[in-house]
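Okay, so here's the structure we're looking at.
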Amino acid sequence: MEYALQILKVLGRIVTILPLALFATLYMGKRSIGELPVFDFLVILTLGAVVGADIADPKINHIYTAIAIIAIALLQKLVATWKIKNRKIGRLLTFEPTMVIYQGQFSVNKMKKIQYSIDTILQMLREQQIFNVKDVEIAIVEANGNLSVKLYPEKEVARVEHILPQPDVFNKGIDVPVVIDGEIFEKVLYSRNLNESWLYEELERKNIFDVKEVFYAAVNDMNELHVSIKNTNNLQNLPPILH
């Protein structure tokens, strides 16, 4: 009889605690279950340990588990908000993107820094159907551990612009960020033989007179500036995407 009661108690915990864990995970947001950066991975790991312990051990007080789940969700939400408002905090809590291949050459020092072996990089390239390193213009290990690859234009899969006349017009290279959340990246500008004066002039041409209004600005190989501002009222009428 006591054994049956224990089983019923475990089943009751599953019925009550899993919906709460589901709600907490959904509350924490898509990023937590999609990309799993370092901090979010630890949060999900802790959440799983708390829920698992509660289900497996009927002696644990159920209310304390519920409190722990709610506290974990609130902590993750608070940290996620901090990361959005302060990029320095974001950089402390996750990995920075790391360029491991540039113009067909491995960056050995960068690979050692993030402890990625050449075998790992080659495997990740093969998973993207890339078998010749010399075809790779840039390869970046992202914060979530995935490899983003930019092939040389002549090695990319054919697109519409490739078959149009004067295809070089469309080959504008890779956009590199020069402003993020109002902060100017001077080193990036200098690497393109540009400076802040040029940046301010380009912003003024787009009727932007305060760099703090810029959420994201990037420059391509033709020194064309793309800008996305913080005030996105003009994007409020986006069509809904349903599933």
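Labels used: A, B, ... for chains in the order of the structure tokens, numbers from 1 for residues in each chain, and numbers from 1 for ligands as shown.
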
Return as a tab-separated table the residues of region 102-203 of chain A lying at most 8 Å from region 212-228 of chain A, together with the closest atom-to-atom pair for each and the distance in Å to one decimal, counting only C-alpha atoms, with rows in chain order and ascending residue number.
```
residue	atom	partner	partner_atom	distance
A:Lys172	CA	A:Asp221	CA	5.4
A:Gly173	CA	A:Asp221	CA	5.0
A:Ile174	CA	A:Asn220	CA	5.4
A:Asp175	CA	A:Asn220	CA	4.3
A:Val176	CA	A:Ala218	CA	5.1
A:Pro177	CA	A:Ala218	CA	4.1
A:Val178	CA	A:Ala218	CA	5.3
A:Val179	CA	A:Ala217	CA	4.9
A:Ile180	CA	A:Tyr216	CA	4.6
A:Asp181	CA	A:Phe215	CA	4.2
A:Gly182	CA	A:Lys212	CA	4.0
A:Glu183	CA	A:Lys212	CA	7.3
A:Arg192	CA	A:Asn223	CA	7.9
A:Glu202	CA	A:Leu225	CA	7.2
```

>> Going by DSSP on the backbone, which residues of region 18-215 of chain A come out as helix (DSSP H, G or I)? List them as number ranges by chain.
In response: A: 18-28, 30-34, 38-56, 62-85, 87-92, 108-114, 118-127, 133-135, 153-155, 160-163, 167-170, 186-191, 196-205, 211-213

> Nearest to Ser117 (chain A) among A:Val100, A:Ile72, A:Leu8, A:Glu137, with distances taken over only C-alpha atoms: which residue is it?
Replying inline: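 Of the candidates, the smallest distance to Ser117 (chain A) is held by A:Val100.
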
>> Run DSSP on the backbone and tell me which residues of region 2-236 of chain A come out as strand (DSSP E or B); list them as a PyMOL selection string.
In response: chain A and resi 98-102+105-106+136-141+147-151+176-180+183-184+214-219+225-229

> Neighbours of region 139-148 of chain A within 12 Å (only C-alpha atoms; same-chain residues fewer than 3 positions away dropped), as a PyMOL selection string?
Replying inline: chain A and resi 31-41+90-107+110-111+113-116+120-128+130+133-136+151-152+174

> Could you state the separation of CA of Ile63 (chain A) and CA of Thr46 (chain A) in Å, given to one decimal place?
Replying inline: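 Distance between the two atoms: 17.0 Å.
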
>> Using only C-alpha atoms, can you tell me which of A:Val108, A:Leu20, A:Ile208, A:Ile184 comes closest to Ala71 (chain A)?
In response: A:Leu20

>> Between CA of Val51 (chain A) and CA of Ala66 (chain A), what distance in Å does the model show, to one decimal?
In response: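 Value for the CA of Val51 (chain A)-CA of Ala66 (chain A) distance: 8.9 Å.
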